[in-house]
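Asker: The following file, entry08.cif, comprises mmCIF, C-alpha atoms and all ligand atoms:
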data_upload
loop_
_atom_site.group_PDB
_atom_site.id
_atom_site.type_symbol
_atom_site.label_atom_id
_atom_site.label_comp_id
_atom_site.auth_asym_id
_atom_site.auth_seq_id
_atom_site.Cartn_x
_atom_site.Cartn_y
_atom_site.Cartn_z
ATOM 1 C CA MET A 1 195.165 -48.585 21.049
ATOM 2 C CA ALA A 2 198.053 -50.387 22.684
ATOM 3 C CA ILE A 3 200.697 -48.478 24.586
ATOM 4 C CA ASN A 4 204.242 -49.800 24.527
ATOM 5 C CA GLY A 5 207.100 -49.138 26.853
ATOM 6 C CA SER A 6 210.709 -50.233 26.922
ATOM 7 C CA CYS A 7 213.889 -49.808 28.915
ATOM 8 C CA PHE A 8 216.970 -47.744 28.022
ATOM 9 C CA CYS A 9 218.904 -50.672 26.506
ATOM 10 C CA GLY A 10 215.899 -52.120 24.698
ATOM 11 C CA ALA A 11 216.121 -55.592 26.227
ATOM 12 C CA VAL A 12 212.724 -55.340 27.919
ATOM 13 C CA GLU A 13 209.444 -54.265 26.367
ATOM 14 C CA TYR A 14 205.866 -54.273 27.625
ATOM 15 C CA LYS A 15 202.455 -53.562 26.202
ATOM 16 C CA VAL A 16 199.315 -52.108 27.753
ATOM 17 C CA ASN A 17 196.094 -52.994 25.972
ATOM 18 C CA GLY A 18 194.140 -50.098 27.366
ATOM 19 C CA LYS A 19 194.468 -46.644 28.780
ATOM 20 C CA LEU A 20 196.772 -45.250 31.411
ATOM 21 C CA ARG A 21 195.133 -43.264 34.194
ATOM 22 C CA ASP A 22 195.986 -41.027 37.132
ATOM 23 C CA ALA A 23 199.274 -39.754 35.764
ATOM 24 C CA ARG A 24 201.078 -37.873 38.504
ATOM 25 C CA SER A 25 204.456 -36.786 39.593
ATOM 26 C CA CYS A 26 205.441 -37.441 43.199
ATOM 27 C CA HIS A 27 208.225 -35.350 44.695
ATOM 28 C CA CYS A 28 208.691 -37.250 47.974
ATOM 29 C CA SER A 29 212.146 -38.338 49.103
ATOM 30 C CA MET A 30 211.388 -42.028 48.466
ATOM 31 C CA CYS A 31 210.379 -41.386 44.856
ATOM 32 C CA ARG A 32 213.536 -39.365 44.299
ATOM 33 C CA LYS A 33 215.617 -42.375 45.317
ATOM 34 C CA ALA A 34 213.459 -44.978 43.610
ATOM 35 C CA PHE A 35 213.313 -43.138 40.295
ATOM 36 C CA SER A 36 216.792 -41.540 40.467
ATOM 37 C CA ALA A 37 215.226 -38.223 39.571
ATOM 38 C CA GLN A 38 213.661 -35.075 40.996
ATOM 39 C CA ALA A 39 210.320 -36.878 41.109
ATOM 40 C CA SER A 40 208.454 -39.886 39.852
ATOM 41 C CA ALA A 41 206.272 -39.659 36.743
ATOM 42 C CA TYR A 42 203.892 -42.534 37.001
ATOM 43 C CA ALA A 43 200.504 -43.670 35.714
ATOM 44 C CA GLN A 44 198.272 -46.515 36.774
ATOM 45 C CA VAL A 45 197.182 -49.429 34.584
ATOM 46 C CA GLU A 46 194.647 -52.224 34.880
ATOM 47 C CA PRO A 47 196.842 -55.220 35.795
ATOM 48 C CA GLU A 48 195.061 -57.537 33.340
ATOM 49 C CA GLN A 49 195.750 -55.107 30.471
ATOM 50 C CA PHE A 50 199.501 -55.220 31.061
ATOM 51 C CA SER A 51 201.796 -57.814 29.479
ATOM 52 C CA TRP A 52 205.502 -58.225 28.827
ATOM 53 C CA VAL A 53 206.439 -58.421 25.122
ATOM 54 C CA PHE A 54 209.980 -59.655 25.778
ATOM 55 C CA GLY A 55 212.716 -59.507 28.375
ATOM 56 C CA GLU A 56 210.609 -60.386 31.421
ATOM 57 C CA ASN A 57 213.379 -62.783 32.532
ATOM 58 C CA LEU A 58 215.788 -59.832 32.717
ATOM 59 C CA LEU A 59 213.727 -57.950 35.291
ATOM 60 C CA THR A 60 214.715 -57.539 38.887
ATOM 61 C CA THR A 61 212.091 -56.615 41.464
ATOM 62 C CA TYR A 62 212.669 -54.487 44.509
ATOM 63 C CA GLU A 63 209.932 -54.590 47.118
ATOM 64 C CA SER A 64 209.803 -52.176 49.998
ATOM 65 C CA SER A 65 208.176 -52.985 53.319
ATOM 66 C CA ASN A 66 204.853 -51.265 52.540
ATOM 67 C CA GLY A 67 203.950 -53.674 49.700
ATOM 68 C CA ALA A 68 205.030 -51.356 46.914
ATOM 69 C CA GLY A 69 207.603 -52.679 44.479
ATOM 70 C CA LEU A 70 209.484 -51.666 41.372
ATOM 71 C CA LYS A 71 210.582 -53.775 38.444
ATOM 72 C CA PHE A 72 213.691 -52.688 36.621
ATOM 73 C CA CYS A 73 215.908 -53.948 33.811
ATOM 74 C CA SER A 74 218.870 -55.800 35.280
ATOM 75 C CA ILE A 75 221.054 -54.694 32.364
ATOM 76 C CA CYS A 76 220.457 -50.929 32.101
ATOM 77 C CA GLY A 77 218.593 -50.155 35.330
ATOM 78 C CA SER A 78 215.502 -48.501 33.842
ATOM 79 C CA THR A 79 212.538 -48.714 36.181
ATOM 80 C CA LEU A 80 209.650 -49.874 34.034
ATOM 81 C CA CYS A 81 206.728 -50.461 36.317
ATOM 82 C CA GLY A 82 205.499 -50.500 39.843
ATOM 83 C CA THR A 83 203.778 -53.314 41.704
ATOM 84 C CA TYR A 84 201.567 -53.434 44.728
ATOM 85 C CA ASN A 85 201.448 -56.673 46.711
ATOM 86 C CA GLY A 86 203.108 -58.368 43.749
ATOM 87 C CA LYS A 87 200.605 -57.189 41.109
ATOM 88 C CA ILE A 88 201.460 -54.732 38.339
ATOM 89 C CA HIS A 89 200.069 -51.393 39.484
ATOM 90 C CA GLY A 90 201.375 -48.818 37.008
ATOM 91 C CA VAL A 91 204.129 -47.730 34.672
ATOM 92 C CA THR A 92 206.826 -45.096 34.767
ATOM 93 C CA LEU A 93 206.036 -42.494 32.115
ATOM 94 C CA GLY A 94 209.709 -42.087 31.254
ATOM 95 C CA CYS A 95 209.816 -45.568 29.725
ATOM 96 C CA VAL A 96 206.635 -45.209 27.671
ATOM 97 C CA ASP A 97 207.321 -45.078 23.931
ATOM 98 C CA GLY A 98 205.417 -42.564 21.834
ATOM 99 C CA ASN A 99 202.316 -40.727 22.981
ATOM 100 C CA PRO A 100 200.382 -42.465 25.761
ATOM 101 C CA GLU A 101 197.539 -39.915 25.338
ATOM 102 C CA ILE A 102 197.690 -38.871 28.944
ATOM 103 C CA GLU A 103 199.326 -35.920 30.650
ATOM 104 C CA LEU A 104 200.488 -35.448 34.207
ATOM 105 C CA GLY A 105 197.481 -34.311 36.217
ATOM 106 C CA MET A 106 199.142 -33.152 39.405
ATOM 107 C CA HIS A 107 202.292 -32.843 41.440
ATOM 108 C CA ILE A 108 202.087 -34.491 44.863
ATOM 109 C CA PHE A 109 204.259 -34.366 47.974
ATOM 110 C CA VAL A 110 205.526 -30.999 46.814
ATOM 111 C CA GLY A 111 206.025 -30.172 50.499
ATOM 112 C CA SER A 112 209.011 -32.496 50.595
ATOM 113 C CA LYS A 113 210.514 -31.769 47.182
ATOM 114 C CA ALA A 114 214.253 -31.460 46.753
ATOM 115 C CA THR A 115 215.686 -28.049 47.590
ATOM 116 C CA TRP A 116 217.225 -27.884 44.127
ATOM 117 C CA GLU A 117 214.002 -28.412 42.209
ATOM 118 C CA THR A 118 211.713 -25.774 40.717
ATOM 119 C CA ILE A 119 208.411 -27.339 39.717
ATOM 120 C CA PRO A 120 206.867 -25.998 36.511
ATOM 121 C CA GLY A 121 203.392 -24.488 36.900
ATOM 122 C CA GLY A 122 200.233 -25.368 35.001
ATOM 123 C CA ILE A 123 198.788 -28.255 36.998
ATOM 124 C CA PRO A 124 197.770 -28.514 40.662
ATOM 125 C CA GLN A 125 200.423 -29.001 43.319
ATOM 126 C CA TYR A 126 199.698 -30.627 46.670
ATOM 127 C CA ASP A 127 201.948 -30.664 49.712
ATOM 128 C CA GLU A 128 201.092 -34.315 50.359
ATOM 129 C CA TRP A 129 198.337 -36.568 48.985
ATOM 130 C CA PRO A 130 195.693 -34.779 46.902
ATOM 131 C CA PRO A 131 192.230 -34.227 48.399
ATOM 132 C CA LYS A 132 189.858 -37.165 47.823
ATOM 133 C CA ASN A 133 188.110 -35.821 44.731
ATOM 134 C CA ALA A 134 191.097 -34.221 42.996
HETATM 135 ZN ZN ZN A 201 217.428 -52.433 29.760
HETATM 136 ZN ZN ZN A 202 206.605 -40.314 46.205
#
Could you quickly redo this structure as structure tokens?
Ligand SMILES: [Zn+2]
Ligand SMILES: [Zn+2]
Answerer:
Amino acid sequence: MAINGSCFCGAVEYKVNGKLRDARSCHCSMCRKAFSAQASAYAQVEPEQFSWVFGENLLTTYESSNGAGLKFCSICGSTLCGTYNGKIHGVTLGCVDGNPEIELGMHIFVGSKATWETIPGGIPQYDEWPPKNA
């Protein structure tokens, strides 16, 4: 089953020929800025299973100093995927189309969430990184 994702304006689309894994929401202050939201909602992919369907030339990449980067549509600003040391690392769940057959597994960096956010219950919450085997 292929998973597709696209940006708000529809100019960029990607495909994942495989499964998403480790879906989580991070509430740290950097994710709030990077994702323009109360938290990130992000899942990892195998880099070789990810490909752009169209619009790759419209992407802009922002790389922060720790090797993590984000690729976003230069027209509408949707953040589509994350990179690590230049390689595709994962996708933002907000831009996935349809049902990716994965659900958020945990909330992380809850200890630094925004004062205005109330996190819904139901899945584990960790103040920072989850314990190794979570
Ligand atoms: Zn767009
Ligand atoms: Zn974060």
Asker: Between atom CA of Gln125 of chain A and atom CA of Ala23 of chain A, what is the distance, to one decimal in Å?
Answerer: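 Separation between atom CA of Gln125 of chain A and atom CA of Ala23 of chain A: 13.2 Å.
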Asker: Got a sec: who's within 8 Å of Cys73 of chain A, counting all atoms listed in the file, leaving out chain neighbours fewer than 2 positions off, as a PyMOL selection string?
Answerer: chain A and resi 7+11-12+58-60+71+75-80
Asker: Quick check on the file I pasted: which residues fall under the PyMOL selection byres (((chain A and resi 114) around 9) and not hetatm)? Write them as an MDAnalysis selection string.
Answerer: chainID A and resid 27:29 32 38:39 110 112:113 115:118
Asker: How many Å lie between atom CA of Arg24 of chain A and atom CA of Ile108 of chain A, rounded to one decimal?
Answerer: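 Going from atom CA of Arg24 of chain A over to atom CA of Ile108 of chain A, I get 7.3 Å.
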Asker: Taking the file as shown, find all residues satisfying the PyMOL selection byres (((chain A and resi 100) around 12) and not hetatm) and write them as a PyMOL selection string.
Answerer: chain A and resi 1-5+15-21+23+42-45+91-99+101-104
Asker: If I wrap all listed atoms of segment 72-84 of chain A in a box with edges along x, y and z and add 4 Å on each side, what are its centre and edge lengths in Å to one decimal, as JSON?
Answerer:
{"center_x": 211.3, "center_y": -52.2, "center_z": 38.4, "size_x": 27.5, "size_y": 15.3, "size_z": 20.6}
Asker: Using the chain letters and numbers from this file, what does the PyMOL selection byres (((chain A and resi 126) around 9) and not hetatm) select? Give the answer as an NGL selection string.
Answerer: :A and (106-111 or 124-125 or 127-131)
Asker: How about saving the chosen residues, C-alpha atoms kept, as a PDB file, keeping the file's coordinate frame?
Answerer:
ATOM      1  CA  MET A 106     199.142 -33.152  39.405  1.00  0.00           C
ATOM      2  CA  HIS A 107     202.292 -32.843  41.440  1.00  0.00           C
ATOM      3  CA  ILE A 108     202.087 -34.491  44.863  1.00  0.00           C
ATOM      4  CA  PHE A 109     204.259 -34.366  47.974  1.00  0.00           C
ATOM      5  CA  VAL A 110     205.526 -30.999  46.814  1.00  0.00           C
ATOM      6  CA  GLY A 111     206.025 -30.172  50.499  1.00  0.00           C
ATOM      7  CA  PRO A 124     197.770 -28.514  40.662  1.00  0.00           C
ATOM      8  CA  GLN A 125     200.423 -29.001  43.319  1.00  0.00           C
ATOM      9  CA  ASP A 127     201.948 -30.664  49.712  1.00  0.00           C
ATOM     10  CA  GLU A 128     201.092 -34.315  50.359  1.00  0.00           C
ATOM     11  CA  TRP A 129     198.337 -36.568  48.985  1.00  0.00           C
ATOM     12  CA  PRO A 130     195.693 -34.779  46.902  1.00  0.00           C
ATOM     13  CA  PRO A 131     192.230 -34.227  48.399  1.00  0.00           C
TER      14      PRO A 131
END
Asker: Using only C-alpha atoms and all ligand atoms for the distances, tell me which of A:Tyr62, A:Glu46, A:Ala68, A:Lys87 is nearest to ligand ZN 202 (chain A).
Answerer: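 The closest residue to ligand ZN 202 (chain A) is A:Ala68.
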Asker: So what do you get for atom CA of Ser51 of chain A versus atom CA of Tyr14 of chain A, distance-wise?
Answerer: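 Atom-to-atom, atom CA of Ser51 of chain A and atom CA of Tyr14 of chain A are spaced 5.7 Å apart.
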Asker: Which residue out of A:Ser6, A:Gln49, A:Ser25, A:Ser36 has the minimum interatomic distance to ligand ZN 201 (chain A) when all atoms listed in the file are used?
Answerer: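 For ligand ZN 201 (chain A), the nearest of the given residues is A:Ser6.
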Asker: In the coordinate frame of the file, compute which residues have an atom within 8 Å of (206.8, -52.2, 42.3) when using only C-alpha atoms, and state them as a list in words.
Answerer: Thr61, Tyr62, Glu63, Ala68, Gly69, Leu70, Lys71, Cys81, Gly82, Thr83, Tyr84, Gly86, Ile88 and His89 of chain A
Asker: Of the candidates A:Asn66, A:Asn57, A:Ala41, A:Ala34, which shows the shortest atom-to-atom distance to ligand ZN 201 (chain A), using all atoms listed in the file?
Answerer: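 Looking only at the distances to ligand ZN 201 (chain A), the closest residue turns out to be A:Asn57.
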Asker: Model the absent atoms of segment 68-96 of chain A so that N, CA and C atoms are present, and write the result as a tab-separated table (two decimals), in the frame of the given file.
Answerer:
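So part08.tsv came out as:
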chain	number	residue	atom	x	y	z
A	68	ALA	N	204.77	-51.95	48.22
A	68	ALA	CA	205.03	-51.36	46.91
A	68	ALA	C	206.36	-51.88	46.38
A	69	GLY	N	206.38	-52.18	45.09
A	69	GLY	CA	207.60	-52.68	44.48
A	69	GLY	C	207.87	-52.01	43.15
A	70	LEU	N	209.09	-52.20	42.67
A	70	LEU	CA	209.48	-51.67	41.37
A	70	LEU	C	210.16	-52.77	40.59
A	71	LYS	N	209.90	-52.81	39.30
A	71	LYS	CA	210.58	-53.78	38.44
A	71	LYS	C	211.49	-53.00	37.51
A	72	PHE	N	212.76	-53.41	37.48
A	72	PHE	CA	213.69	-52.69	36.62
A	72	PHE	C	214.55	-53.65	35.81
A	73	CYS	N	215.06	-53.15	34.70
A	73	CYS	CA	215.91	-53.95	33.81
A	73	CYS	C	217.23	-54.20	34.50
A	74	SER	N	217.63	-55.47	34.58
A	74	SER	CA	218.87	-55.80	35.28
A	74	SER	C	220.10	-55.45	34.45
A	75	ILE	N	219.91	-55.09	33.19
A	75	ILE	CA	221.05	-54.69	32.36
A	75	ILE	C	221.28	-53.18	32.46
A	76	CYS	N	220.25	-52.39	32.17
A	76	CYS	CA	220.46	-50.93	32.10
A	76	CYS	C	219.90	-50.17	33.30
A	77	GLY	N	219.08	-50.81	34.12
A	77	GLY	CA	218.59	-50.16	35.33
A	77	GLY	C	217.33	-49.34	35.18
A	78	SER	N	216.76	-49.25	33.98
A	78	SER	CA	215.50	-48.50	33.84
A	78	SER	C	214.41	-49.11	34.71
A	79	THR	N	213.71	-48.26	35.43
A	79	THR	CA	212.54	-48.71	36.18
A	79	THR	C	211.33	-48.64	35.26
A	80	LEU	N	210.72	-49.80	35.03
A	80	LEU	CA	209.65	-49.87	34.03
A	80	LEU	C	208.27	-49.79	34.63
A	81	CYS	N	208.08	-50.45	35.76
A	81	CYS	CA	206.73	-50.46	36.32
A	81	CYS	C	206.77	-50.63	37.82
A	82	GLY	N	205.65	-50.35	38.41
A	82	GLY	CA	205.50	-50.50	39.84
A	82	GLY	C	204.51	-51.61	40.15
A	83	THR	N	204.69	-52.25	41.29
A	83	THR	CA	203.78	-53.31	41.70
A	83	THR	C	203.22	-52.96	43.08
A	84	TYR	N	202.09	-53.54	43.37
A	84	TYR	CA	201.57	-53.43	44.73
A	84	TYR	C	201.12	-54.82	45.17
A	85	ASN	N	201.68	-55.30	46.26
A	85	ASN	CA	201.45	-56.67	46.71
A	85	ASN	C	201.67	-57.68	45.58
A	86	GLY	N	202.70	-57.44	44.79
A	86	GLY	CA	203.11	-58.37	43.75
A	86	GLY	C	202.40	-58.21	42.41
A	87	LYS	N	201.34	-57.39	42.36
A	87	LYS	CA	200.60	-57.19	41.11
A	87	LYS	C	201.06	-55.91	40.42
A	88	ILE	N	201.12	-55.95	39.08
A	88	ILE	CA	201.46	-54.73	38.34
A	88	ILE	C	200.44	-53.65	38.68
A	89	HIS	N	200.93	-52.48	39.02
A	89	HIS	CA	200.07	-51.39	39.48
A	89	HIS	C	200.09	-50.22	38.50
A	90	GLY	N	201.26	-49.95	37.91
A	90	GLY	CA	201.38	-48.82	37.01
A	90	GLY	C	202.72	-48.81	36.31
A	91	VAL	N	202.89	-47.83	35.45
A	91	VAL	CA	204.13	-47.73	34.67
A	91	VAL	C	204.80	-46.38	34.88
A	92	THR	N	206.10	-46.36	34.72
A	92	THR	CA	206.83	-45.10	34.77
A	92	THR	C	206.68	-44.43	33.39
A	93	LEU	N	206.29	-43.17	33.39
A	93	LEU	CA	206.04	-42.49	32.12
A	93	LEU	C	207.31	-42.32	31.30
A	94	GLY	N	208.45	-42.27	31.97
A	94	GLY	CA	209.71	-42.09	31.25
A	94	GLY	C	210.04	-43.23	30.32
A	95	CYS	N	209.52	-44.42	30.58
A	95	CYS	CA	209.82	-45.57	29.72
A	95	CYS	C	208.73	-45.85	28.70
A	96	VAL	N	207.68	-45.03	28.68
A	96	VAL	CA	206.64	-45.21	27.67
A	96	VAL	C	207.16	-44.71	26.33
